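Source file entry27.csv; content: CSV, C-alpha atoms.
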chain,number,residue,atom,x,y,z
A,28,MET,CA,259.6,47.7,-56.3
A,29,GLN,CA,260.0,44.0,-55.4
A,30,ARG,CA,257.4,42.4,-53.1
A,31,VAL,CA,257.4,39.1,-51.4
A,32,SER,CA,254.1,37.8,-49.9
A,33,GLU,CA,253.4,34.6,-48.1
A,34,GLY,CA,250.5,32.2,-48.2
A,35,HIS,CA,249.8,29.8,-45.3
A,36,TRP,CA,247.5,26.7,-45.5
A,37,ASN,CA,247.1,23.1,-44.6
A,38,MET,CA,248.3,21.2,-47.6
A,39,ALA,CA,247.0,17.7,-47.1
A,40,GLN,CA,245.9,15.1,-44.6
A,41,GLY,CA,247.0,11.5,-44.4
A,42,MET,CA,250.6,12.0,-45.4
A,43,MET,CA,253.5,10.6,-43.5
A,44,PRO,CA,255.6,13.3,-41.8
A,45,SER,CA,258.6,12.2,-43.9
A,46,SER,CA,256.8,13.0,-47.1
A,47,VAL,CA,258.4,15.6,-49.3
A,48,VAL,CA,256.1,18.2,-50.9
A,49,MET,CA,257.4,19.5,-54.2
A,50,PHE,CA,255.8,22.5,-56.0
A,51,CYS,CA,255.9,23.3,-59.6
A,52,LEU,CA,258.1,26.4,-59.4
A,53,SER,CA,255.8,28.7,-61.2
A,54,ALA,CA,252.7,30.7,-60.4
A,55,ALA,CA,250.0,31.8,-62.8
A,56,LEU,CA,247.5,34.6,-62.7
A,57,LEU,CA,244.0,33.4,-62.0
A,58,LEU,CA,241.9,34.5,-64.9
A,59,SER,CA,238.2,34.4,-65.4
A,60,GLY,CA,237.3,31.3,-67.3
A,61,PRO,CA,239.8,28.6,-68.3
A,62,LEU,CA,243.4,29.2,-67.2
A,63,ALA,CA,245.0,30.6,-70.3
A,64,GLU,CA,248.5,29.8,-69.1
A,65,ALA,CA,247.7,26.1,-68.2
A,66,ASP,CA,249.9,24.7,-70.9
A,67,ALA,CA,252.9,26.8,-69.8
A,68,PHE,CA,252.7,25.3,-66.4
A,69,SER,CA,252.4,21.7,-67.4
A,70,PRO,CA,254.5,19.5,-65.0
A,71,ASN,CA,255.6,17.5,-68.1
A,72,ARG,CA,257.1,20.6,-69.8
A,73,MET,CA,260.8,20.7,-69.2
A,74,PRO,CA,263.0,23.9,-69.5
A,75,VAL,CA,264.7,24.5,-72.8
A,76,LEU,CA,268.4,23.6,-72.5
A,77,GLU,CA,270.5,26.2,-74.3
A,78,SER,CA,274.1,27.0,-75.0
A,79,GLY,CA,275.7,30.2,-73.9
A,80,ASP,CA,277.1,31.4,-77.2
A,81,ASN,CA,274.9,34.0,-78.9
A,82,ASN,CA,271.9,32.7,-77.0
A,83,GLN,CA,271.4,30.0,-79.6
A,84,PRO,CA,269.3,26.9,-78.4
A,85,SER,CA,271.0,23.5,-78.5
A,86,VAL,CA,269.3,20.1,-78.5
A,87,ASN,CA,266.5,19.9,-76.0
A,88,THR,CA,266.4,16.3,-74.7
A,89,GLY,CA,263.6,16.9,-72.3
A,90,ILE,CA,265.8,15.8,-69.4
A,91,CYS,CA,266.9,18.1,-66.6
A,92,HIS,CA,270.6,17.8,-66.5
A,93,ARG,CA,271.2,20.1,-63.6
A,94,TYR,CA,269.4,20.8,-60.3
A,95,PRO,CA,267.2,22.8,-59.9
A,96,CYS,CA,264.7,22.4,-62.7
A,97,TRP,CA,262.1,25.0,-63.6
A,98,PRO,CA,259.3,23.2,-65.6
A,99,GLY,CA,257.2,26.4,-65.9
A,100,LYS,CA,259.7,28.9,-67.3
A,101,ARG,CA,262.4,29.3,-69.9
A,102,VAL,CA,265.9,29.2,-68.5
A,103,THR,CA,268.9,30.1,-70.7
A,104,SER,CA,272.5,29.6,-69.8
A,105,LEU,CA,274.7,32.6,-70.5
A,106,ASP,CA,277.9,30.7,-69.9
A,107,GLY,CA,280.3,30.9,-72.8
A,108,ILE,CA,282.4,33.6,-74.5
A,109,TRP,CA,281.8,37.2,-73.5
A,110,GLU,CA,283.4,40.3,-75.0
A,111,PHE,CA,286.1,41.6,-72.6
A,112,ASN,CA,288.3,44.5,-71.6
A,113,PHE,CA,290.7,45.0,-68.8
A,114,THR,CA,292.4,48.1,-67.5
A,115,THR,CA,294.3,49.3,-64.5
A,116,SER,CA,293.7,53.0,-65.2
A,117,ILE,CA,290.2,53.3,-63.5
A,118,GLU,CA,290.4,54.4,-59.9
A,119,ASP,CA,286.7,54.1,-59.1
A,120,PRO,CA,285.0,51.3,-61.0
A,121,SER,CA,281.5,52.4,-59.9
A,122,ALA,CA,282.1,55.7,-61.9
A,123,ILE,CA,283.1,54.0,-65.2
A,124,ASP,CA,282.0,55.6,-68.5
A,125,LEU,CA,280.9,52.6,-70.5
A,126,SER,CA,280.7,54.6,-73.7
A,127,LYS,CA,284.5,54.8,-73.6
A,128,VAL,CA,285.1,51.1,-73.2
A,129,THR,CA,286.6,49.2,-76.1
A,130,TYR,CA,286.1,45.5,-76.1
A,131,ASN,CA,289.3,44.3,-77.5
A,132,ASP,CA,289.4,40.7,-76.1
A,133,ARG,CA,287.1,37.8,-75.3
A,134,MET,CA,286.8,35.8,-72.0
A,135,PRO,CA,285.1,32.6,-71.1
A,136,VAL,CA,282.4,32.6,-68.4
A,137,PRO,CA,282.6,31.2,-65.8
A,138,ALA,CA,286.3,31.7,-65.3
A,139,SER,CA,288.8,33.7,-63.4
A,140,PHE,CA,290.3,36.2,-65.8
A,141,ASP,CA,293.4,36.7,-63.6
A,142,ALA,CA,294.2,33.0,-63.9
A,143,SER,CA,294.5,33.2,-67.7
A,144,PRO,CA,298.0,33.6,-69.2
A,145,GLU,CA,297.3,37.2,-70.5
A,146,TYR,CA,296.1,38.5,-67.2
A,147,ALA,CA,297.7,36.2,-64.6
A,148,GLY,CA,297.9,37.8,-61.2
A,149,VAL,CA,296.8,41.3,-62.3
A,150,ARG,CA,294.5,43.5,-60.2
A,151,GLY,CA,292.2,46.1,-61.8
A,152,THR,CA,288.9,46.5,-63.6
A,153,ALA,CA,287.5,44.1,-66.1
A,154,VAL,CA,284.4,44.8,-68.2
A,155,TYR,CA,282.3,42.0,-69.7
A,156,ARG,CA,279.6,42.4,-72.4
A,157,LYS,CA,277.1,40.0,-73.9
A,158,THR,CA,273.9,40.5,-75.9
A,159,VAL,CA,271.0,38.3,-74.9
A,160,PHE,CA,267.6,37.7,-76.5
A,161,VAL,CA,264.5,37.9,-74.4
A,162,SER,CA,261.2,36.5,-75.8
A,163,GLY,CA,259.0,39.2,-74.3
A,164,SER,CA,257.8,37.3,-71.2
A,165,ALA,CA,256.1,39.0,-68.3
A,166,GLY,CA,259.3,39.4,-66.4
A,167,TRP,CA,262.9,38.1,-66.5
A,168,ARG,CA,265.7,37.6,-64.0
A,169,LEU,CA,269.5,37.5,-64.4
A,170,LYS,CA,271.1,35.2,-61.9
A,171,PHE,CA,274.8,35.3,-61.1
A,172,GLU,CA,276.1,32.5,-59.0
A,173,ALA,CA,279.3,34.4,-58.1
A,174,CYS,CA,281.2,37.4,-59.3
A,175,SER,CA,284.5,38.3,-57.6
A,176,LEU,CA,285.5,40.5,-55.9
A,177,TRP,CA,283.1,43.4,-56.6
A,178,CYS,CA,280.8,43.9,-59.6
A,179,ALA,CA,278.2,46.2,-61.1
A,180,ILE,CA,275.5,45.0,-63.5
A,181,TYR,CA,274.2,47.2,-66.4
A,182,ILE,CA,271.2,46.4,-68.7
A,183,ASP,CA,271.0,48.5,-71.9
A,184,GLY,CA,273.4,51.0,-70.3
A,185,GLN,CA,271.4,51.4,-67.1
A,186,LEU,CA,273.0,50.5,-63.7
A,187,GLN,CA,270.9,47.7,-62.1
A,188,MET,CA,272.9,46.9,-58.9
A,189,GLU,CA,276.3,46.6,-57.3
A,190,HIS,CA,277.4,43.5,-55.5
A,191,SER,CA,280.4,42.6,-53.3
A,192,ASN,CA,281.3,39.4,-51.3
A,193,GLY,CA,282.5,37.6,-54.4
A,194,TYR,CA,281.5,34.0,-53.6
A,195,SER,CA,277.7,34.6,-53.0
A,196,PRO,CA,274.9,34.3,-55.6
A,197,PHE,CA,272.7,37.2,-56.4
A,198,TRP,CA,270.0,38.1,-59.0
A,199,ILE,CA,268.4,41.0,-60.8
A,200,ASP,CA,264.7,41.3,-61.6
A,201,SER,CA,264.5,43.4,-64.7
A,202,THR,CA,261.5,45.7,-65.2
A,203,ILE,CA,262.2,45.8,-69.0
A,204,SER,CA,259.3,43.9,-70.5
A,205,ALA,CA,260.1,44.5,-74.1
A,206,GLY,CA,261.2,41.4,-76.0
A,207,GLY,CA,264.2,41.4,-78.3
A,208,ARG,CA,267.9,41.9,-77.8
A,209,HIS,CA,269.4,43.5,-74.7
A,210,GLU,CA,272.9,44.3,-73.8
A,211,ILE,CA,274.3,43.0,-70.5
A,212,VAL,CA,277.5,44.6,-69.2
A,213,VAL,CA,279.2,43.4,-66.0
A,214,VAL,CA,282.0,45.6,-64.5
A,215,VAL,CA,284.2,43.5,-62.2
A,216,ASP,CA,287.0,44.8,-60.0
A,217,ASN,CA,289.3,42.3,-58.3
A,218,ARG,CA,291.3,44.9,-56.2
A,219,PHE,CA,291.1,44.8,-52.4
A,220,ASP,CA,289.2,47.8,-51.0
A,221,SER,CA,288.4,48.3,-47.3
A,222,LYS,CA,285.1,49.9,-48.1
A,223,ARG,CA,284.0,48.1,-51.3
A,224,THR,CA,285.1,44.6,-50.5
A,225,ILE,CA,285.2,44.4,-46.7
A,226,LEU,CA,285.1,40.6,-46.6
A,227,GLN,CA,288.1,40.2,-48.8
A,228,ASN,CA,291.6,40.7,-47.4
A,229,PRO,CA,295.1,40.4,-49.0
A,230,GLY,CA,296.3,38.6,-45.9
A,231,TYR,CA,294.2,35.5,-46.5
A,232,ASP,CA,296.1,32.3,-47.1
A,233,PHE,CA,294.8,31.7,-50.6
A,234,TYR,CA,294.7,33.7,-53.9
A,235,GLN,CA,291.4,35.5,-54.4
A,236,TYR,CA,290.6,35.3,-58.0
A,237,GLY,CA,288.6,37.9,-60.0
A,238,GLY,CA,285.9,37.7,-62.7
A,239,ILE,CA,282.5,36.1,-63.3
A,240,ILE,CA,283.7,32.9,-61.6
A,241,ARG,CA,280.5,30.9,-61.6
A,242,ARG,CA,277.5,30.4,-63.8
A,243,VAL,CA,275.1,33.0,-65.2
A,244,SER,CA,271.6,32.3,-66.3
A,245,LEU,CA,268.6,34.2,-67.8
A,246,HIS,CA,265.2,33.3,-66.3
A,247,GLU,CA,262.1,34.3,-68.3
A,248,ASN,CA,258.9,34.0,-66.2
A,249,PRO,CA,255.6,33.4,-67.9
A,250,SER,CA,253.9,35.5,-65.2
A,251,ASP,CA,254.9,38.5,-63.2
A,252,VAL,CA,254.4,36.3,-60.1
A,253,SER,CA,256.9,33.6,-59.1
A,254,ILE,CA,257.7,31.5,-56.1
A,255,GLN,CA,260.5,32.8,-54.0
A,256,GLY,CA,260.6,29.8,-51.6
A,257,VAL,CA,258.7,27.0,-50.0
A,258,ASP,CA,258.8,25.9,-46.3
A,259,VAL,CA,257.2,22.5,-45.5
A,260,ILE,CA,256.2,22.0,-41.9
A,261,THR,CA,255.5,18.6,-40.4
A,262,LYS,CA,254.2,17.9,-36.9
A,263,PRO,CA,255.9,15.1,-34.9
A,264,GLY,CA,253.5,12.3,-34.2
A,265,SER,CA,250.9,13.6,-36.7
A,266,ASN,CA,250.1,12.9,-40.3
A,267,GLU,CA,249.4,16.6,-40.9
A,268,VAL,CA,251.6,18.6,-43.2
A,269,SER,CA,251.4,22.3,-43.9
A,270,ALA,CA,253.3,24.5,-46.3
A,271,ARG,CA,254.3,28.2,-46.4
A,272,VAL,CA,254.9,29.6,-49.9
A,273,ARG,CA,256.6,32.9,-50.5
A,274,PHE,CA,255.5,34.6,-53.7
A,275,HIS,CA,257.6,37.2,-55.4
A,276,THR,CA,256.6,40.0,-57.8
A,277,ILE,CA,258.4,43.2,-59.0
A,278,THR,CA,255.1,45.1,-59.3
A,279,SER,CA,252.0,44.2,-57.3
A,280,MET,CA,250.3,41.0,-56.2
A,281,PRO,CA,247.3,40.0,-58.4
A,282,ALA,CA,243.9,39.1,-56.9
A,283,ALA,CA,244.8,35.4,-56.9
A,284,VAL,CA,247.5,33.0,-58.0
A,285,MET,CA,247.1,29.4,-59.1
A,286,LEU,CA,249.3,27.0,-57.3
A,287,THR,CA,250.2,23.5,-58.6
A,288,TYR,CA,251.7,20.9,-56.2
A,289,THR,CA,252.9,17.3,-56.3
A,290,VAL,CA,253.6,15.1,-53.3
A,291,ASP,CA,256.8,13.0,-53.9
A,292,ASP,CA,255.4,9.9,-52.3
A,293,GLU,CA,254.6,6.8,-54.4
A,294,ALA,CA,252.2,5.6,-51.8
A,295,SER,CA,250.0,8.6,-52.0
A,296,GLY,CA,250.9,10.2,-55.3
A,297,GLN,CA,248.9,13.3,-54.4
A,298,SER,CA,248.9,16.3,-56.8
A,299,GLY,CA,246.5,19.1,-57.7
A,300,SER,CA,246.0,22.8,-58.3
A,301,PHE,CA,244.1,25.4,-56.3
A,302,PRO,CA,243.9,29.2,-56.2
A,303,VAL,CA,245.4,31.3,-53.4
A,304,PHE,CA,243.5,34.5,-53.1
A,305,ASN,CA,245.0,37.8,-52.2
A,306,GLN,CA,243.4,37.9,-48.8
A,307,GLN,CA,245.3,34.8,-47.9
A,308,LEU,CA,248.6,36.5,-48.6
A,309,THR,CA,250.3,38.2,-45.7
Please express what this file holds, its structure, as structure tokens.
Amino acid sequence: MQRVSEGHWNMAQGMMPSSVVMFCLSAALLLSGPLAEADAFSPNRMPVLESGDNNQPSVNTGICHRYPCWPGKRVTSLDGIWEFNFTTSIEDPSAIDLSKVTYNDRMPVPASFDASPEYAGVRGTAVYRKTVFVSGSAGWRLKFEACSLWCAIYIDGQLQMEHSNGYSPFWIDSTISAGGRHEIVVVVDNRFDSKRTILQNPGYDFYQYGGIIRRVSLHENPSDVSIQGVDVITKPGSNEVSARVRFHTITSMPAAVMLTYTVDDEASGQSGSFPVFNQQLT
């Protein structure tokens, strides 16, 4: 079960309405005594920059090369070469038997497989496979920025979700907490279907490519609680700024979360941390 809760409070006084409030995109469980995860949420800690092939880390320069940055969690790019199979013999891709799939090719991600010389212009079912390493954090998320035209995601042989509307991002929160290696399989179908891909139509005036066509990343959260989104509210003619933060968890909300914020304003330079207790979450 996935839960999203919201906390509402007055962030600060004395800030200009144009100030931009930026939050460290992580939330820690409030523990008795010193906060054990404090080091993991240091604003100076940058995400590990990694290559996609075999989940092997590359040089970490300590610089965020791509927006957005997540200073409080490990983010791994799964871009690179995936094992691959393509067939036109499967009528219903949602009923595929993965045990019978033979991965006899390799395909780069992100890319449109039907734009490659071997599969140019074909319509059918493609199956991608990649093994990833998870460190055993409290929770992890697979984020796909686009998969066209329809796809189904499996983790360790178990169906996690199906997704259509090929140009929209989506993500999966895994409930598998065990660290180690896990198998990710993505079944992609680039055929037009009036029920499965209702937003795609063969009459459009452009070729609609198939495959994992945009980036894929693995997010390992140091806590079961993460920030789903932040809304900053200013009042015209006032120096008062408030914020609404949406917390996300795949289990249940803890008694409290510790929130760290920084105001991106050289004049004020405000920053700090404070707990948000469960009774403040709605």
I'd like the neighbourhood of A:Thr224 as a ChimeraX atom specification, where a residue qualifies if any of its atoms comes within 8 Å (using all atoms listed in the file), though same-chain residues fewer than 4 positions away should be ignored. /A:176-177,191-192,219-220
Among the residues A:Ile180, A:Ile117, A:Ala153, A:Met188, the one that comes closest to A:Asn131 [using only C-alpha atoms]: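 Of the candidates, the smallest distance to A:Asn131 is held by A:Ala153.
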For a cutoff of 9 Å around the file-coordinate point (285.5, 30.8, -58.5), which residues qualify once you count all atoms listed in the file? I'd like the result as a list in words.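 Neighbouring residues, ordered by chain and number, come to Pro137, Ala138, Ser139, Ala173, Cys174, Ser175, Gly193, Tyr194, Gln235, Tyr236, Gly237, Gly238, Ile239, Ile240 and Arg241 of chain A.
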Atom-to-atom span, atom CA of A:Gln187 and atom CA of A:Ser201, Å: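 So the two atoms, atom CA of A:Gln187 and atom CA of A:Ser201, lie 8.1 Å apart.
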Name the residues, using the chain letters and numbers of the file, that sit within 12 Å of (296.4, 40.3, -66.2) when counting all atoms listed in the file, and give them as a PyMOL selection string. chain A and resi 112-115+139-153+217+236-238
